[in-house]
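Read through the structure below, which is laid out as structure tokens, and then see the notes.
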Amino acid sequence: MIWPAFCGLLSFGGAVGLVFEPVGTDRPAPAGGSIANDQPPNSFFQGFSPPFPTNDWWVGFGAGDGNAIVGGPFPYQSSLGATGIQFGVSTSRSFDGTSIHQPTQTDWSVGFVEHNGNVRNRKASSWDSQSVTVQYFTGSSTMTSYLVPGSPYLTFSYSGATPKLTSALGPITSFAGKALGSGASTTVTGTSFQVVNGAGTYIIYSLSGAVSLTASNTGTIVAGAQFKGVLRVVKLNSPSHKAILDQYVANYPTGVSTDYDFNGDVGTLRFTWTVTGNAANLLMLTWPHHRIKMQKPNFPPMSSLSYLTTKGYMYPALGNVWNLVYNLPTIIWNAPRTPDASCTQNLVSGLEYEIANLPAVTMPGDFYFFGGRLAAVSRLALIAEHVDRNDLVQPVINWLKDSIGYMFNSASTAVPAYETGWGGIINRAGYNNAWIDYGNGYYNDHHFHYGYFLAAAAVIAKHDSGWLNKFGPTIKWFLRDIVNPSRNDPYFPVTRCRDWFAGHSWASGIANGGGGRDQESVGEAVNGYYGALLWADATSNAEIKNYARLLIATEQHAAQVYWHLYPTASATGRDQPYPEQSLRDLVTIGNVMDWQAGAWLFWGAQKIEIAAIQILPVTPVNEYMYDPAWAQAVHDYTIQELNNATYGDEWKSVIYLAYSQANPVVAAQLSSSLTSWGTGNTFSNQLYFLSTRPGASNVCASAPSNPIGNFYIQSVTTNSYVSASTLPNLIASSTSQNLAAKFQLAFAPNAGTMKAVSTNQFVTADISGSFTISASRATASTWEVFIIRPKHGAPSGVYSILAASNKQYVTLGSNGALINNGATESNSAGFRLVST
């Protein structure tokens with residue numbers, strides 16, 4: 001994106017595109033000061049000053065030693081060799097039961113004879129939002145290559161240099177139609193040459209008149225003299241593809257501008273390639289997400305040219321302007337519907353409980369989990385507003401301000417610093433350690449982390465203009481780090497994580513030399529831009545608001561194309577990225593990489609983990625992303641783990657919420673069994689999302705909840721009551737109700753507490769499950785929460801009691817003691833609750 005320092009207009013063939021001004025241009029001065037990453041940019045960026053891209057597909061050229069193999073410019077993979085650009089098209093595609101793999105493959109190296117192999121004699125000469133231009137040079141000899149994603153050809157422009165192509169996969173067996181035996185060579189003069197090596201067939205074109213090339217079976221092709229002009233090289237997958245490649249080879253891209261315009265709630269994303277030759281006859285390749293959204297495309301027949309990649313087949317398109325049209329999200333702070341009336345009472349009770357029991361404000365140990373908790377708590381204020389409980393808002397705002405205040409304190413363990421080598425805000429503690437905060441100091445996961453901060457800060461700003469005036473400039477640095485729209489910001493790269501051609505973001509930064517790109521949590525990528533949307537709305541920044549809406553719409557669309565799997569979809573459909581039925585049967589991609597995609601994670605193998613990480617965090621804007629067909633498939637695919645009590649509720653909770661898009665009533669019933677929601681979700685958010693689904697009616701009517709009030713507890717087996725005389729231990733030993741202990745049962749999320757009225761002590765479960773539960777705690781926390789539900793198969797009015805802390809049911813000992821040691825409900829004792 002090459003933008004002026006103001007919001008302006010670019011005109012392309014009658015189309016008008018917007019370009020936005022920088023969010024800010026001030027030098028960041030966060031609490032952690034400035035620091036240089038211990039993995040600085042290499043000489044690839046010689047002649048340039050930061051900021052530099054950190055997550056682009058080609059960052060491996062400028063990170064580490066610069067020798068990483070990178071995914072691109074697709075359909076190729078490439079790397080920078082000592083004397084030339086190495087590249088190939090993967091010809092191996094396999095499915096291992098979890099993932100499809102297309103391993104990196106180097107077919108050829110293109111350089112020139114005069115190059116001396118010095119790594120400092122190669123550099124970036126320019127880059128834009130999608131492409132990079134690389135130059136090799138020695139003395140007055142140069143080779144410049146325009147590495148543009150989507151071009152079927154690789155383009156090399158020479159000046160005063162003798163072209164040399166070197167096979168990376170075995171000997172050259174044929175050149176220009178002539179077979180080459182062992183030790184043989186041939187010299188041919190022309191403008192088009194087919195060459196065969198172990199990778200298959202490539203075509204070499206000269207766009208600058210006839211050139212004399214000598215090919216040797218040993219693996220080299222060398223020009224007969226220094227050359228000034230353009231060579232293009234292309235993989236020929238099928239003889240039938242030669243016609244279209246010959247027809248359009250004369251027109252080549254040297255870069256691309258990315259702009260956009262907005263018409264109400266519709267956004268147009270526009271790619272305009274700078275072309276040498278006839279722009280209308282520029283031959284490019286599309287991925288599925290392009291083809292779905294392109295308006296008035298000029299698509300030659302799919303059979304005329306194709307390349308299979310990890311994102312499916314790339315098929316041809318003609319013309320240098322693509323317009324991709326997206327419906328923009330209109331949801332901002334809350335759902336566009338009021339909560340279903342059947343859920344309101346429990347929702348308000350949940351808000352009261354969770355806000356009254358907010359965790360203590362403590363110094364954060366990292367950005368990721370700290371941010372997730374901030375954002376989850378901030379949702380409580382917004383939900384309270386939506387149900388007209390404005391009295392609950394201010395305690396949340398106060399907690400948020402106290403917590404986020406650590407981000408402005410230089411003494412904090414996790415404190416933001418401005419990293420000067422590449423240009424960005426990092427967790428200072430991780431500037432030299434990729435294992436801290438998931439590699440935040442190496443620019444991993446910034447959109448994941450900072451979206452949470454922005455969402456929480458936006459809620460504060462919405463309610464406290466004084467805080468906004470004081471701390472807004474600091475929060476804006478996080479915004480600039482992930483959604484800066486302009487190259488005229490002197491301190492941050494453009495939209496750090498977004499790969500506009502790929503259609504989504506990359507979480508990978510510069511760690512490990514900046515090689516392969518990947519993104520696991522597409523849900524958190526969406527949330528990065530959702531946080532930006534909330535901040536933009538809270539601060540009345542209309543430009544960034546629309547920019548964030550476009551980023552959300554494109555990321556969510558990519559999620560549905562590349563992360564969501566549809567087992568019943570056609571394997572041969574034009575826009576099917578994954579032809580393999582066995583892969584699509586896995587329902588959810590866990591990690592999209594540039595040469596691998598599959599149902600796996602770096603950190604977990606459970607089905608519910610793989611699905612949940614693509615769903616969370618659950619916010620109102622994600623109802624666009626959880627399409628009912630996929631949500632139903634996820635539920636069905638993970639059902640065994642969902643029904644297994646040993647699997648984490650924090651994962652189940654978000655799967656149930658996605659499932660509510662398909663069946664909110666059943667999702668509410670399932671959600672009623674949860675006892676934990678993780679750091680990024682809450683009971684209130686769970687119930688709020690369930691109760692605001694389209695068409696929701698009586699969602700919570702059949703969802704069970706704990707009885708509330710004062711009760712005696714009676715064993716069904718012995719008809720004995722829990723005795724007052726045995727307190728604090730709960731022992732069902734009294735045959736007389738007059739001697740029974742009275743308990744106050746109160747609300748807790750999806751559960752409740754039990755308090756002995758006579759002693760004012762809460763009942764607590766035994767940690768070991770070996771001893772009698774007892775009324776012995778002055779305050780209630782995790783171990784004092786119980787789930788009381790009608791017991792399956794028992795008469796009406798008979799309940800089972802489950803200790804939420806260890807998921808063990810309460811049984812009855814030989815002396816009537818209540819003990820939380822039952823593994824299943826069938827092991828549990830039955831109890832009557834007799835109202836007092």
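By convention here, the chains of the structure tokens are called A, B, ... in the order presented, each chain's residues are numbered starting at 1, and ligands are numbered starting at 1 in the order presented.
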
Backbone DSSP call of alpha helix (DSSP H) for region 389-598 of chain A, listed as a count of residues only: 87

Skip Phe501 (chain A) itself and residues of its chain fewer than 4 positions away, then list as a PyMOL selection string all residues within 10 Å of it, counting only C-alpha atoms. chain A and resi 74+129-131+148-150+258+271+286-287+289-290+505

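We find CA of Tyr530 (chain A) and CA of Phe689 (chain A) to be spaced 16.3 Å apart.
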
Per-residue nearest contacts of region 529-573 of chain A to region 582-588 of chain A (10 Å; only C-alpha atoms) as a tab-separated table:
residue	atom	partner	partner_atom	distance
A:Ala559	CA	A:Thr588	CA	9.9
A:Gln560	CA	A:Thr588	CA	9.8
A:Tyr562	CA	A:Thr588	CA	9.0
A:Trp563	CA	A:Thr588	CA	5.8
A:His564	CA	A:Thr588	CA	5.1
A:Leu565	CA	A:Val587	CA	4.5
A:Tyr566	CA	A:Arg584	CA	5.8
A:Pro567	CA	A:Arg584	CA	4.9
A:Thr568	CA	A:Arg584	CA	8.3
A:Ala569	CA	A:Arg584	CA	8.5
A:Ala571	CA	A:Arg584	CA	9.1

Residue subset to file, keeping all heavy atoms, as a CSV table (one decimal), in the first residue's frame:
chain,number,residue,atom,x,y,z
A,559,ALA,N,-11.9,-17.5,7.4
A,559,ALA,CA,-12.2,-18.6,8.3
A,559,ALA,C,-13.1,-19.6,7.8
A,559,ALA,O,-12.9,-20.8,7.9
A,559,ALA,CB,-12.7,-18.0,9.6
A,560,GLN,N,-14.2,-19.1,7.1
A,560,GLN,CA,-15.2,-20.0,6.6
A,560,GLN,C,-14.6,-20.8,5.3
A,560,GLN,O,-15.1,-21.9,5.0
A,560,GLN,CB,-16.4,-19.3,6.2
A,560,GLN,CG,-17.1,-18.7,7.5
A,560,GLN,CD,-18.3,-17.9,7.2
A,560,GLN,OE1,-18.4,-17.2,6.1
A,560,GLN,NE2,-19.3,-17.9,8.1
A,562,TYR,N,-11.1,-21.5,4.7
A,562,TYR,CA,-9.9,-22.2,4.9
A,562,TYR,C,-9.8,-22.9,6.3
A,562,TYR,O,-9.0,-23.8,6.5
A,562,TYR,CB,-8.7,-21.3,4.7
A,562,TYR,CG,-8.6,-20.8,3.4
A,562,TYR,CD1,-8.7,-19.4,3.1
A,562,TYR,CD2,-8.5,-21.6,2.2
A,562,TYR,CE1,-8.6,-18.9,1.8
A,562,TYR,CE2,-8.4,-21.1,1.0
A,562,TYR,CZ,-8.5,-19.7,0.8
A,562,TYR,OH,-8.4,-19.2,-0.5
A,563,TRP,N,-10.6,-22.5,7.3
A,563,TRP,CA,-10.5,-23.1,8.6
A,563,TRP,C,-11.8,-24.0,8.8
A,563,TRP,O,-11.6,-25.0,9.5
A,563,TRP,CB,-10.5,-22.1,9.7
A,563,TRP,CG,-9.1,-21.6,10.0
A,563,TRP,CD1,-8.3,-22.1,11.1
A,563,TRP,CD2,-8.3,-20.6,9.4
A,563,TRP,NE1,-7.1,-21.4,11.1
A,563,TRP,CE2,-7.1,-20.5,10.0
A,563,TRP,CE3,-8.6,-19.8,8.3
A,563,TRP,CZ2,-6.1,-19.6,9.6
A,563,TRP,CZ3,-7.6,-18.9,7.9
A,563,TRP,CH2,-6.4,-18.8,8.6
A,564,HIS,N,-12.9,-23.6,8.3
A,564,HIS,CA,-14.1,-24.4,8.5
A,564,HIS,C,-14.2,-25.5,7.4
A,564,HIS,O,-14.0,-25.1,6.2
A,564,HIS,CB,-15.4,-23.6,8.4
A,564,HIS,CG,-15.5,-22.5,9.5
A,564,HIS,ND1,-16.5,-21.7,9.6
A,564,HIS,CD2,-14.6,-22.2,10.5
A,564,HIS,CE1,-16.4,-20.9,10.7
A,564,HIS,NE2,-15.2,-21.2,11.2
A,565,LEU,N,-14.4,-26.7,7.8
A,565,LEU,CA,-14.5,-27.8,6.8
A,565,LEU,C,-15.9,-28.3,6.7
A,565,LEU,O,-16.6,-28.4,7.7
A,565,LEU,CB,-13.5,-29.0,7.2
A,565,LEU,CG,-12.0,-28.6,7.4
A,565,LEU,CD1,-11.3,-29.8,7.9
A,565,LEU,CD2,-11.5,-28.1,6.1
A,566,TYR,N,-16.3,-28.7,5.5
A,566,TYR,CA,-17.7,-29.1,5.3
A,566,TYR,C,-17.7,-30.5,4.6
A,566,TYR,O,-17.4,-30.6,3.4
A,566,TYR,CB,-18.4,-28.1,4.4
A,566,TYR,CG,-18.4,-26.7,5.0
A,566,TYR,CD1,-17.3,-25.8,4.8
A,566,TYR,CD2,-19.4,-26.3,5.9
A,566,TYR,CE1,-17.3,-24.5,5.4
A,566,TYR,CE2,-19.4,-25.1,6.5
A,566,TYR,CZ,-18.4,-24.2,6.2
A,566,TYR,OH,-18.3,-22.9,6.8
A,567,PRO,N,-17.9,-31.5,5.4
A,567,PRO,CA,-17.7,-32.9,4.9
A,567,PRO,C,-18.6,-33.2,3.7
A,567,PRO,O,-18.2,-34.1,2.9
A,567,PRO,CB,-18.1,-33.8,6.1
A,567,PRO,CG,-17.8,-32.9,7.3
A,567,PRO,CD,-18.1,-31.5,6.9
A,568,THR,N,-19.8,-32.6,3.6
A,568,THR,CA,-20.7,-33.0,2.5
A,568,THR,C,-20.4,-32.1,1.3
A,568,THR,O,-21.1,-32.3,0.3
A,568,THR,CB,-22.1,-32.8,3.0
A,568,THR,OG1,-22.4,-31.5,3.3
A,568,THR,CG2,-22.4,-33.7,4.1
A,569,ALA,N,-19.5,-31.1,1.3
A,569,ALA,CA,-19.3,-30.3,0.2
A,569,ALA,C,-18.6,-31.1,-1.0
A,569,ALA,O,-17.9,-32.1,-0.7
A,569,ALA,CB,-18.4,-29.1,0.6
A,571,ALA,N,-16.0,-32.3,-3.6
A,571,ALA,CA,-14.6,-32.4,-3.6
A,571,ALA,C,-14.0,-31.7,-4.8
A,571,ALA,O,-12.8,-31.3,-4.8
A,571,ALA,CB,-14.1,-33.8,-3.6

Could you tell me which of A:His557, A:Lys476, A:Lys755, A:Arg496 comes closest to Gly24 (chain A) if we count only C-alpha atoms?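 Using only C-alpha atoms, Gly24 (chain A) sits closest to A:Lys476.
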
Given only C-alpha atoms as the basis, pick out the residue of A:Thr682, A:Ser814, A:Gln744, A:Ser257 nearest to Trp127 (chain A).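 Smallest separation from Trp127 (chain A) among the options: A:Ser257.
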
Considering only C-alpha atoms, return as a ChimeraX atom specification whatever protein or nucleic-acid residues lie within 10 Å of Pro359 (chain A), sequence-local ones (same chain, fewer than 5 positions apart) excluded. /A:354,373,377,399

For a quick check of understanding, using only C-alpha atoms, which of A:Pro288, A:Gly423, A:Gly531, A:Pro628 has the smallest distance to Ser660 (chain A)?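 Nearest to Ser660 (chain A): A:Pro628.
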
Who sits within 7 Å of Gly62 (chain A), only C-alpha atoms, same chain under 5 positions skipped, as a ChimeraX atom specification: /A:41-42,44-45

As a PDB file with all heavy atoms, in the first residue's frame, please: the residues near Gly472 (chain A) (cut-off 12 Å, only C-alpha atoms, same-chain neighbours under 5 positions excluded).
ATOM      1  N   GLY A  24      -1.476   7.787  13.685  1.00  0.00           N
ATOM      2  CA  GLY A  24      -0.643   8.725  14.415  1.00  0.00           C
ATOM      3  C   GLY A  24       0.760   8.679  13.841  1.00  0.00           C
ATOM      4  O   GLY A  24       1.117   7.743  13.113  1.00  0.00           O
ATOM      5  N   PHE A 408       0.924   0.862  32.130  1.00  0.00           N
ATOM      6  CA  PHE A 408       1.545   2.190  32.147  1.00  0.00           C
ATOM      7  C   PHE A 408       2.583   2.312  33.264  1.00  0.00           C
ATOM      8  O   PHE A 408       3.060   3.397  33.558  1.00  0.00           O
ATOM      9  CB  PHE A 408       0.470   3.271  32.335  1.00  0.00           C
ATOM     10  CG  PHE A 408      -0.768   3.064  31.504  1.00  0.00           C
ATOM     11  CD1 PHE A 408      -2.031   3.099  32.075  1.00  0.00           C
ATOM     12  CD2 PHE A 408      -0.668   2.810  30.146  1.00  0.00           C
ATOM     13  CE1 PHE A 408      -3.169   2.896  31.316  1.00  0.00           C
ATOM     14  CE2 PHE A 408      -1.793   2.601  29.374  1.00  0.00           C
ATOM     15  CZ  PHE A 408      -3.050   2.642  29.951  1.00  0.00           C
ATOM     16  N   LEU A 454      -7.250  -3.657  23.193  1.00  0.00           N
ATOM     17  CA  LEU A 454      -8.041  -2.602  22.566  1.00  0.00           C
ATOM     18  C   LEU A 454      -9.509  -2.717  22.948  1.00  0.00           C
ATOM     19  O   LEU A 454     -10.185  -1.702  23.187  1.00  0.00           O
ATOM     20  CB  LEU A 454      -7.881  -2.656  21.049  1.00  0.00           C
ATOM     21  CG  LEU A 454      -6.504  -2.240  20.516  1.00  0.00           C
ATOM     22  CD1 LEU A 454      -6.357  -2.610  19.056  1.00  0.00           C
ATOM     23  CD2 LEU A 454      -6.295  -0.735  20.702  1.00  0.00           C
ATOM     24  N   ALA A 457      -9.816  -1.511  26.579  1.00  0.00           N
ATOM     25  CA  ALA A 457      -9.588  -0.067  26.652  1.00  0.00           C
ATOM     26  C   ALA A 457     -10.744   0.701  26.034  1.00  0.00           C
ATOM     27  O   ALA A 457     -11.106   1.791  26.495  1.00  0.00           O
ATOM     28  CB  ALA A 457      -8.276   0.283  25.954  1.00  0.00           C
ATOM     29  N   ALA A 458     -11.353   0.135  24.992  1.00  0.00           N
ATOM     30  CA  ALA A 458     -12.483   0.802  24.353  1.00  0.00           C
ATOM     31  C   ALA A 458     -13.664   0.922  25.304  1.00  0.00           C
ATOM     32  O   ALA A 458     -14.378   1.934  25.314  1.00  0.00           O
ATOM     33  CB  ALA A 458     -12.892   0.043  23.092  1.00  0.00           C
ATOM     34  N   ILE A 460     -13.485   1.115  28.571  1.00  0.00           N
ATOM     35  CA  ILE A 460     -13.163   2.205  29.508  1.00  0.00           C
ATOM     36  C   ILE A 460     -13.394   3.554  28.834  1.00  0.00           C
ATOM     37  O   ILE A 460     -14.040   4.457  29.406  1.00  0.00           O
ATOM     38  CB  ILE A 460     -11.705   2.114  29.984  1.00  0.00           C
ATOM     39  CG1 ILE A 460     -11.419   0.767  30.640  1.00  0.00           C
ATOM     40  CG2 ILE A 460     -11.411   3.246  30.970  1.00  0.00           C
ATOM     41  CD1 ILE A 460      -9.947   0.558  30.995  1.00  0.00           C
ATOM     42  N   ALA A 461     -12.871   3.712  27.636  1.00  0.00           N
ATOM     43  CA  ALA A 461     -12.983   4.992  26.925  1.00  0.00           C
ATOM     44  C   ALA A 461     -14.436   5.378  26.691  1.00  0.00           C
ATOM     45  O   ALA A 461     -14.790   6.562  26.730  1.00  0.00           O
ATOM     46  CB  ALA A 461     -12.233   4.903  25.593  1.00  0.00           C
ATOM     47  N   LYS A 462     -15.265   4.383  26.450  1.00  0.00           N
ATOM     48  CA  LYS A 462     -16.689   4.620  26.208  1.00  0.00           C
ATOM     49  C   LYS A 462     -17.359   5.265  27.427  1.00  0.00           C
ATOM     50  O   LYS A 462     -18.346   5.998  27.290  1.00  0.00           O
ATOM     51  CB  LYS A 462     -17.360   3.288  25.874  1.00  0.00           C
ATOM     52  CG  LYS A 462     -18.816   3.335  25.434  1.00  0.00           C
ATOM     53  CD  LYS A 462     -19.248   1.935  24.981  1.00  0.00           C
ATOM     54  CE  LYS A 462     -20.636   1.953  24.350  1.00  0.00           C
ATOM     55  NZ  LYS A 462     -21.702   2.018  25.346  1.00  0.00           N
ATOM     56  N   ASP A 464     -15.448   6.790  30.196  1.00  0.00           N
ATOM     57  CA  ASP A 464     -14.619   7.707  30.988  1.00  0.00           C
ATOM     58  C   ASP A 464     -13.755   8.540  30.052  1.00  0.00           C
ATOM     59  O   ASP A 464     -12.657   8.146  29.671  1.00  0.00           O
ATOM     60  CB  ASP A 464     -13.743   6.913  31.961  1.00  0.00           C
ATOM     61  CG  ASP A 464     -13.057   7.798  32.989  1.00  0.00           C
ATOM     62  OD1 ASP A 464     -12.770   8.969  32.678  1.00  0.00           O
ATOM     63  OD2 ASP A 464     -12.779   7.308  34.109  1.00  0.00           O
ATOM     64  N   SER A 465     -14.251   9.704  29.703  1.00  0.00           N
ATOM     65  CA  SER A 465     -13.524  10.560  28.757  1.00  0.00           C
ATOM     66  C   SER A 465     -12.228  11.086  29.361  1.00  0.00           C
ATOM     67  O   SER A 465     -11.254  11.325  28.644  1.00  0.00           O
ATOM     68  CB  SER A 465     -14.409  11.732  28.314  1.00  0.00           C
ATOM     69  OG  SER A 465     -14.817  12.502  29.440  1.00  0.00           O
ATOM     70  N   GLY A 466     -12.209  11.264  30.684  1.00  0.00           N
ATOM     71  CA  GLY A 466     -10.978  11.725  31.325  1.00  0.00           C
ATOM     72  C   GLY A 466      -9.868  10.694  31.189  1.00  0.00           C
ATOM     73  O   GLY A 466      -8.715  11.048  30.912  1.00  0.00           O
ATOM     74  N   TRP A 467     -10.212   9.440  31.394  1.00  0.00           N
ATOM     75  CA  TRP A 467      -9.219   8.366  31.209  1.00  0.00           C
ATOM     76  C   TRP A 467      -8.758   8.336  29.762  1.00  0.00           C
ATOM     77  O   TRP A 467      -7.559   8.169  29.484  1.00  0.00           O
ATOM     78  CB  TRP A 467      -9.840   7.031  31.620  1.00  0.00           C
ATOM     79  CG  TRP A 467      -8.891   5.877  31.542  1.00  0.00           C
ATOM     80  CD1 TRP A 467      -8.098   5.395  32.547  1.00  0.00           C
ATOM     81  CD2 TRP A 467      -8.629   5.062  30.398  1.00  0.00           C
ATOM     82  NE1 TRP A 467      -7.351   4.333  32.093  1.00  0.00           N
ATOM     83  CE2 TRP A 467      -7.658   4.103  30.775  1.00  0.00           C
ATOM     84  CE3 TRP A 467      -9.101   5.033  29.088  1.00  0.00           C
ATOM     85  CZ2 TRP A 467      -7.167   3.132  29.892  1.00  0.00           C
ATOM     86  CZ3 TRP A 467      -8.616   4.080  28.199  1.00  0.00           C
ATOM     87  CH2 TRP A 467      -7.666   3.145  28.609  1.00  0.00           C
ATOM     88  N   TRP A 477      -0.912   3.294  20.469  1.00  0.00           N
ATOM     89  CA  TRP A 477       0.281   2.603  19.965  1.00  0.00           C
ATOM     90  C   TRP A 477      -0.010   1.132  19.687  1.00  0.00           C
ATOM     91  O   TRP A 477       0.525   0.558  18.747  1.00  0.00           O
ATOM     92  CB  TRP A 477       1.435   2.743  20.967  1.00  0.00           C
ATOM     93  CG  TRP A 477       1.867   4.162  21.163  1.00  0.00           C
ATOM     94  CD1 TRP A 477       1.836   5.171  20.246  1.00  0.00           C
ATOM     95  CD2 TRP A 477       2.381   4.749  22.367  1.00  0.00           C
ATOM     96  NE1 TRP A 477       2.297   6.343  20.794  1.00  0.00           N
ATOM     97  CE2 TRP A 477       2.640   6.123  22.094  1.00  0.00           C
ATOM     98  CE3 TRP A 477       2.640   4.254  23.640  1.00  0.00           C
ATOM     99  CZ2 TRP A 477       3.148   6.981  23.055  1.00  0.00           C
ATOM    100  CZ3 TRP A 477       3.153   5.123  24.608  1.00  0.00           C
ATOM    101  CH2 TRP A 477       3.403   6.462  24.313  1.00  0.00           C
ATOM    102  N   PHE A 478      -0.851   0.513  20.517  1.00  0.00           N
ATOM    103  CA  PHE A 478      -1.244  -0.869  20.249  1.00  0.00           C
ATOM    104  C   PHE A 478      -2.083  -0.941  18.969  1.00  0.00           C
ATOM    105  O   PHE A 478      -1.955  -1.886  18.184  1.00  0.00           O
ATOM    106  CB  PHE A 478      -2.041  -1.435  21.432  1.00  0.00           C
ATOM    107  CG  PHE A 478      -1.229  -1.644  22.673  1.00  0.00           C
ATOM    108  CD1 PHE A 478      -1.321  -0.758  23.737  1.00  0.00           C
ATOM    109  CD2 PHE A 478      -0.368  -2.720  22.790  1.00  0.00           C
ATOM    110  CE1 PHE A 478      -0.576  -0.942  24.892  1.00  0.00           C
ATOM    111  CE2 PHE A 478       0.388  -2.913  23.941  1.00  0.00           C
ATOM    112  CZ  PHE A 478       0.291  -2.026  24.993  1.00  0.00           C
ATOM    113  N   LEU A 479      -2.943   0.049  18.786  1.00  0.00           N
ATOM    114  CA  LEU A 479      -3.747   0.108  17.565  1.00  0.00           C
ATOM    115  C   LEU A 479      -2.853   0.231  16.344  1.00  0.00           C
ATOM    116  O   LEU A 479      -3.021  -0.493  15.347  1.00  0.00           O
ATOM    117  CB  LEU A 479      -4.705   1.296  17.643  1.00  0.00           C
ATOM    118  CG  LEU A 479      -5.647   1.477  16.445  1.00  0.00           C
ATOM    119  CD1 LEU A 479      -6.767   0.445  16.497  1.00  0.00           C
ATOM    120  CD2 LEU A 479      -6.255   2.890  16.452  1.00  0.00           C
ATOM    121  N   TRP A 535     -12.378   0.281  19.587  1.00  0.00           N
ATOM    122  CA  TRP A 535     -11.611   1.476  19.922  1.00  0.00           C
ATOM    123  C   TRP A 535     -11.929   2.618  18.955  1.00  0.00           C
ATOM    124  O   TRP A 535     -12.090   3.774  19.364  1.00  0.00           O
ATOM    125  CB  TRP A 535     -10.115   1.171  19.916  1.00  0.00           C
ATOM    126  CG  TRP A 535      -9.286   2.370  20.269  1.00  0.00           C
ATOM    127  CD1 TRP A 535      -8.603   3.183  19.419  1.00  0.00           C
ATOM    128  CD2 TRP A 535      -9.067   2.907  21.579  1.00  0.00           C
ATOM    129  NE1 TRP A 535      -7.982   4.194  20.105  1.00  0.00           N
ATOM    130  CE2 TRP A 535      -8.255   4.051  21.439  1.00  0.00           C
ATOM    131  CE3 TRP A 535      -9.496   2.535  22.853  1.00  0.00           C
ATOM    132  CZ2 TRP A 535      -7.839   4.812  22.527  1.00  0.00           C
ATOM    133  CZ3 TRP A 535      -9.081   3.297  23.941  1.00  0.00           C
ATOM    134  CH2 TRP A 535      -8.265   4.420  23.771  1.00  0.00           C
ATOM    135  N   ALA A 536     -12.041   2.291  17.678  1.00  0.00           N
ATOM    136  CA  ALA A 536     -12.348   3.317  16.687  1.00  0.00           C
ATOM    137  C   ALA A 536     -13.718   3.928  16.956  1.00  0.00           C
ATOM    138  O   ALA A 536     -13.911   5.145  16.831  1.00  0.00           O
ATOM    139  CB  ALA A 536     -12.288   2.731  15.281  1.00  0.00           C
ATOM    140  N   ALA A 538     -15.301   4.009  19.870  1.00  0.00           N
ATOM    141  CA  ALA A 538     -15.262   4.756  21.129  1.00  0.00           C
ATOM    142  C   ALA A 538     -14.580   6.105  20.970  1.00  0.00           C
ATOM    143  O   ALA A 538     -14.880   7.052  21.708  1.00  0.00           O
ATOM    144  CB  ALA A 538     -14.554   3.935  22.203  1.00  0.00           C
ATOM    145  N   THR A 539     -13.661   6.196  20.024  1.00  0.00           N
ATOM    146  CA  THR A 539     -12.897   7.430  19.828  1.00  0.00           C
ATOM    147  C   THR A 539     -13.351   8.206  18.598  1.00  0.00           C
ATOM    148  O   THR A 539     -12.686   9.152  18.181  1.00  0.00           O
ATOM    149  CB  THR A 539     -11.400   7.107  19.714  1.00  0.00           C
ATOM    150  OG1 THR A 539     -11.188   6.186  18.623  1.00  0.00           O
ATOM    151  CG2 THR A 539     -10.875   6.483  21.003  1.00  0.00           C
TER     152      THR A 539
END

Need the shell around Lys545 (chain A): protein/DNA/RNA residues with any atom at most 8 Å away, counting only C-alpha atoms. Skip same-chain ones fewer than 2 positions apart. Format as number ranges by chain? A: 532-534, 536-537, 541-543, 547-549

Using only C-alpha atoms, can you tell me which of A:Pro694, A:Gly365, A:Gly66, A:Val110 comes closest to Phe87 (chain A)?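 Ranked by minimum distance to Phe87 (chain A), first place goes to A:Val110.
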
So that I can see what lies close to region 732-734 of chain A, please list as number ranges by chain the residues with an atom at most 9 Å from it, counting only C-alpha atoms and leaving out residues fewer than 2 positions away in the same chain. A: 713-715, 718-726, 730, 736-740, 812, 815-818
